[in-house]
file start25.txt (compact mmCIF, C-alpha atoms)
# COMPACT_ATOMS: atom_id res chain seq x y z
CA MET A 185 -2.23 54.78 2.22
CA LYS A 186 0.58 52.92 4.07
CA ASN A 187 -1.97 50.61 5.69
CA LEU A 188 -3.60 49.87 2.33
CA THR A 189 -0.19 48.95 0.84
CA LYS A 190 0.62 46.70 3.81
CA LEU A 191 -2.80 45.05 3.61
CA THR A 192 -2.45 44.48 -0.14
CA PHE A 193 1.02 43.00 0.34
CA ALA A 194 -0.20 40.73 3.16
CA LEU A 195 -3.15 39.56 1.04
CA PHE A 196 -0.82 38.88 -1.91
CA ALA A 197 1.59 36.90 0.30
CA PHE A 198 -1.33 34.90 1.75
CA MET A 199 -2.61 34.06 -1.75
CA LEU A 200 0.86 32.84 -2.78
CA LEU A 201 1.01 30.64 0.30
CA ILE A 202 -2.38 29.08 -0.41
CA THR A 203 -1.50 28.54 -4.07
CA ALA A 204 1.79 26.85 -3.14
CA CYS A 205 0.09 24.53 -0.64
CA SER A 206 -2.60 23.60 -3.13
CA LYS A 207 0.01 22.69 -5.76
CA ASP A 208 1.89 20.51 -3.27
CA ASP A 209 -1.32 18.64 -2.40
CA ASP A 210 -2.11 18.08 -6.09
CA ASP A 211 1.33 16.55 -6.66
CA VAL A 212 0.73 14.01 -3.91
CA GLN A 213 -2.75 13.14 -5.15
CA ASN A 214 -1.69 12.89 -8.82
CA ASN A 215 1.20 10.56 -8.13
CA ASN A 216 1.43 8.92 -11.56
CA ILE A 217 3.65 5.90 -11.13
CA LYS A 218 5.07 4.21 -14.21
CA GLU A 219 5.43 0.43 -14.48
CA GLU A 220 9.17 0.79 -15.16
CA GLN A 221 9.64 2.38 -11.73
CA LEU A 222 8.35 -0.81 -10.10
CA HIS A 223 10.14 -3.44 -12.18
CA GLY A 224 12.42 -5.62 -10.08
CA LYS A 225 12.44 -7.30 -6.71
CA TRP A 226 11.33 -5.48 -3.56
CA ILE A 227 11.94 -7.08 -0.16
CA VAL A 228 9.56 -6.58 2.78
CA ASN A 229 11.44 -4.67 5.51
CA ALA A 230 8.54 -3.82 7.81
CA ILE A 231 4.76 -3.88 8.07
CA ASP A 232 2.43 -1.40 9.72
CA GLY A 233 -1.00 -2.51 10.91
CA LYS A 234 -2.07 -5.45 13.00
CA LEU A 235 -3.86 -8.73 12.50
CA PHE A 236 -5.57 -10.65 15.32
CA VAL A 237 -6.96 -14.18 15.29
CA LYS A 238 -9.96 -15.20 17.39
CA VAL A 239 -11.00 -18.83 17.47
CA GLY A 240 -13.61 -20.28 19.81
CA ASN A 241 -13.01 -19.56 23.49
CA ILE A 242 -9.31 -18.86 23.00
CA PRO A 243 -8.48 -15.22 23.78
CA GLU A 244 -7.85 -13.04 20.76
CA THR A 245 -4.15 -13.15 19.82
CA GLU A 246 -2.08 -10.90 17.60
CA VAL A 247 -0.59 -12.61 14.56
CA PRO A 248 2.85 -11.09 13.92
CA LEU A 249 2.60 -10.18 10.24
CA MET A 250 6.38 -9.97 9.89
CA SER A 251 6.66 -13.64 10.87
CA PHE A 252 4.97 -14.46 7.55
CA TRP A 253 5.82 -11.47 5.33
CA GLY A 254 9.31 -10.68 6.65
CA SER A 255 11.98 -11.04 3.92
CA LYS A 256 9.37 -12.05 1.31
CA ILE A 257 9.96 -10.42 -2.07
CA PHE A 258 7.36 -8.64 -4.20
CA TYR A 259 8.55 -9.31 -7.75
CA PHE A 260 7.30 -6.84 -10.34
CA GLU A 261 8.26 -8.51 -13.61
CA ASN A 262 8.93 -6.60 -16.83
CA ASN A 263 5.76 -8.08 -18.37
CA ASN A 264 3.64 -6.40 -15.64
CA ARG A 265 3.10 -9.55 -13.63
CA LEU A 266 3.36 -9.54 -9.83
CA SER A 267 4.33 -12.45 -7.64
CA VAL A 268 5.64 -12.99 -4.13
CA LEU A 269 8.86 -14.95 -3.68
CA GLU A 270 10.38 -16.74 -0.73
CA ASN A 271 13.98 -17.89 -1.18
CA GLN A 272 13.61 -17.13 -4.91
CA THR A 273 10.63 -19.53 -5.18
CA GLU A 274 7.21 -18.18 -6.13
CA ILE A 275 4.72 -18.69 -3.30
CA LEU A 276 1.96 -16.32 -4.40
CA ASP A 277 0.89 -15.38 -7.92
CA PHE A 278 -0.97 -12.09 -8.12
CA GLY A 279 -0.85 -12.34 -11.93
CA PRO A 280 -0.95 -9.36 -14.25
CA TYR A 281 -1.20 -5.95 -12.65
CA GLN A 282 -2.33 -2.52 -13.74
CA ILE A 283 -1.39 0.89 -12.41
CA ASN A 284 -3.72 3.85 -12.45
CA GLY A 285 -2.00 6.87 -10.88
CA SER A 286 -0.81 5.41 -7.58
CA ASN A 287 -3.36 2.56 -7.45
CA LEU A 288 -2.28 -1.00 -8.18
CA THR A 289 -4.82 -3.69 -9.06
CA VAL A 290 -3.95 -7.33 -9.66
CA ALA A 291 -5.80 -9.93 -11.70
CA ASN A 292 -5.59 -12.65 -9.04
CA GLY A 293 -6.86 -10.73 -6.08
CA PRO A 294 -9.53 -8.33 -4.89
CA GLY A 295 -9.09 -4.73 -3.84
CA VAL A 296 -6.59 -2.04 -4.67
CA LEU A 297 -3.12 -1.44 -3.27
CA LYS A 298 -1.93 2.15 -2.92
CA ILE A 299 1.69 2.69 -4.02
CA ALA A 300 4.00 5.38 -2.66
CA LEU A 301 7.54 5.56 -4.02
CA LEU A 302 10.02 6.93 -1.51
CA GLY A 303 12.96 7.67 -3.78
CA ASN A 304 14.35 5.08 -6.19
CA SER A 305 14.87 2.26 -3.72
CA GLU A 306 11.97 2.32 -1.26
CA MET A 307 8.20 2.08 -1.55
CA THR A 308 5.11 1.35 0.46
CA LEU A 309 2.17 -0.76 -0.64
CA THR A 310 -0.92 0.01 1.40
CA ASN A 311 -3.73 -2.50 1.63
CA LYS A 312 -6.83 -0.83 3.07
CA GLN A 313 -8.33 -2.59 6.07
CA ASP A 314 -11.44 -3.83 4.24
CA ASP A 315 -9.40 -4.94 1.23
CA TYR A 316 -7.14 -7.01 3.50
CA TYR A 317 -10.20 -8.96 4.67
CA LYS A 318 -11.16 -9.49 1.02
CA MET A 319 -7.64 -10.67 0.17
CA MET A 320 -7.61 -13.19 3.04
CA ALA A 321 -11.03 -14.50 2.00
CA PHE A 322 -9.90 -14.78 -1.62
CA TYR A 323 -6.70 -16.71 -0.87
CA ASN A 324 -8.21 -18.89 1.89
CA ASN A 325 -11.31 -19.84 -0.14
CA GLN A 326 -13.60 -18.49 2.57
CA THR A 327 -16.35 -15.94 2.61
CA GLU A 328 -15.50 -12.51 3.91
CA ASP A 329 -17.93 -13.10 6.80
CA GLU A 330 -16.02 -16.26 7.79
CA VAL A 331 -12.75 -14.35 7.70
CA ARG A 332 -14.16 -11.49 9.78
CA GLN A 333 -15.37 -13.99 12.40
CA MET A 334 -11.86 -15.47 12.70
CA TYR A 335 -9.70 -12.38 12.23
CA ARG A 336 -9.63 -8.73 13.15
CA VAL A 337 -7.55 -6.30 11.12
CA GLU A 338 -6.52 -3.17 12.97
CA GLY A 339 -5.74 -0.29 10.63
CA ASP A 340 -4.52 -0.44 7.07
CA ILE A 341 -1.76 -2.93 6.32
CA VAL A 342 1.29 -1.10 4.96
CA PHE A 343 4.12 -3.09 3.43
CA ARG A 344 7.44 -1.20 3.60
CA LEU A 345 9.63 -2.44 0.76
CA LYS A 346 13.26 -1.90 -0.28
CA LYS A 347 14.51 -2.57 -3.79
CA GLN A 348 17.06 -5.36 -4.10
call {"tool": "encode", "arguments": {"input": "start25.txt", "output": "structure tokens"}}
result
Amino acid sequence: MKNLTKLTFALFAFMLLITACSKDDDDVQNNNIKEEQLHGKWIVNAIDGKLFVKVGNIPETEVPLMSFWGSKIFYFENNNRLSVLENQTEILDFGPYQINGSNLTVANGPGVLKIALLGNSEMTLTNKQDDYYKMMAFYNNQTEDEVRQMYRVEGDIVFRLKKQ
């Protein structure tokens, strides 16, 4: 009888553990971000992922993404429009944006960015590897095949942003 009680208790504890883990996973997957949480200016602090350029017989060379994106500002306006600023001047207009859970889509660009809020003042915007190729093709007026011949994206591109 003692063994049956111990076994029942162990099974019950195991079920609680599984249930708790499942709930935690659901919270991450159902990350419903509200537009108001994004409104404002977010400066690029760091970027994960790598971009390489390969032209002709020149050896493939890494393009330091922070040399372009460093200190740029993602500006989420109150009217749900997204732009990129440099020295308070708009340099890239993504246009209107929509949020669905933690996915961000923009009118003036292909693909989906994944948003993760890290408290009230930090976030990441993740551009999947294939979507980064699409974005470069879109903004450079090239085909995706042309872009893939000239560039190699290694991993997803993750913008690490801090609210100003």
call {"tool": "residues_around", "arguments": {"input": "start25.txt", "residues": "A:Glu261", "least_positions_apart": "2", "cutoff": "10 Å", "atoms": "all atoms listed in the file", "output": "ChimeraX atom specification"}}
result
/A:219-220,222-225,258-259,263-267,280-281
call {"tool": "write_last_selection", "arguments": {"input": "start25.txt", "atoms": "C-alpha atoms", "output": "short mmCIF file (atom, residue, chain, number, x, y, z; two decimals), in the frame of the given file"}}
result
data_model
loop_
_atom_site.label_atom_id
_atom_site.label_comp_id
_atom_site.auth_asym_id
_atom_site.auth_seq_id
_atom_site.Cartn_x
_atom_site.Cartn_y
_atom_site.Cartn_z
CA GLU A 219 5.43 0.43 -14.48
CA GLU A 220 9.17 0.79 -15.16
CA LEU A 222 8.35 -0.81 -10.10
CA HIS A 223 10.14 -3.44 -12.18
CA GLY A 224 12.42 -5.62 -10.08
CA LYS A 225 12.44 -7.30 -6.71
CA PHE A 258 7.36 -8.64 -4.20
CA TYR A 259 8.55 -9.31 -7.75
CA ASN A 263 5.76 -8.08 -18.37
CA ASN A 264 3.64 -6.40 -15.64
CA ARG A 265 3.10 -9.55 -13.63
CA LEU A 266 3.36 -9.54 -9.83
CA SER A 267 4.33 -12.45 -7.64
CA PRO A 280 -0.95 -9.36 -14.25
CA TYR A 281 -1.20 -5.95 -12.65
#
call {"tool": "residues_around", "arguments": {"input": "start25.txt", "residues": "A:Gln221", "least_positions_apart": "4", "cutoff": "10 Å", "atoms": "all atoms listed in the file", "output": "NGL selection string"}}
result
:A and (217 or 260 or 301 or 304-305)
call {"tool": "atom_distance", "arguments": {"input": "start25.txt", "atom1": "atom CA of A:Gln333", "atom2": "atom CA of A:Gly254"}}
result
25.6 Å
call {"tool": "closest_residue", "arguments": {"input": "start25.txt", "among": "A:Glu244, A:Glu330, A:Asp232, A:Glu274", "to": "A:Gln313", "atoms": "all atoms listed in the file"}}
result
A:Asp232
call {"tool": "residues_around", "arguments": {"input": "start25.txt", "residues": "stretch 335-338 of chain A", "least_positions_apart": "5", "cutoff": "6 Å", "atoms": "only C-alpha atoms", "output": "PDB file with C-alpha atoms, keeping the file's coordinate frame"}}
result
ATOM      1  CA  GLY A 233      -1.000  -2.510  10.910  1.00  0.00           C
ATOM      2  CA  LYS A 234      -2.070  -5.450  13.000  1.00  0.00           C
ATOM      3  CA  LEU A 235      -3.860  -8.730  12.500  1.00  0.00           C
ATOM      4  CA  PHE A 236      -5.570 -10.650  15.320  1.00  0.00           C
ATOM      5  CA  VAL A 237      -6.960 -14.180  15.290  1.00  0.00           C
ATOM      6  CA  LYS A 238      -9.960 -15.200  17.390  1.00  0.00           C
TER       7      LYS A 238
END
call {"tool": "closest_residue", "arguments": {"input": "start25.txt", "among": "A:Leu249, A:Met334, A:Ile299, A:Asp340", "to": "A:Tyr316", "atoms": "only C-alpha atoms"}}
result
A:Asp340
call {"tool": "residues_around", "arguments": {"input": "start25.txt", "residues": "A:Ile231", "least_positions_apart": "3", "cutoff": "9 Å", "atoms": "all atoms listed in the file", "output": "list in words"}}
result
Val228, Lys234, Leu249, Met250, Trp253, Gly254, Ile341, Val342, Phe343, Arg344 and Leu345 of chain A
call {"tool": "write_last_selection", "arguments": {"input": "start25.txt", "atoms": "C-alpha atoms", "output": "compact mmCIF listing (two decimals), in the coordinates of the input"}}
result
# COMPACT_ATOMS: atom_id res chain seq x y z
CA VAL A 228 9.56 -6.58 2.78
CA LYS A 234 -2.07 -5.45 13.00
CA LEU A 249 2.60 -10.18 10.24
CA MET A 250 6.38 -9.97 9.89
CA TRP A 253 5.82 -11.47 5.33
CA GLY A 254 9.31 -10.68 6.65
CA ILE A 341 -1.76 -2.93 6.32
CA VAL A 342 1.29 -1.10 4.96
CA PHE A 343 4.12 -3.09 3.43
CA ARG A 344 7.44 -1.20 3.60
CA LEU A 345 9.63 -2.44 0.76
call {"tool": "closest_residue", "arguments": {"input": "start25.txt", "among": "A:Gln348, A:Asn241, A:Ser286, A:Thr327", "to": "A:Thr308", "atoms": "only C-alpha atoms"}}
result
A:Ser286
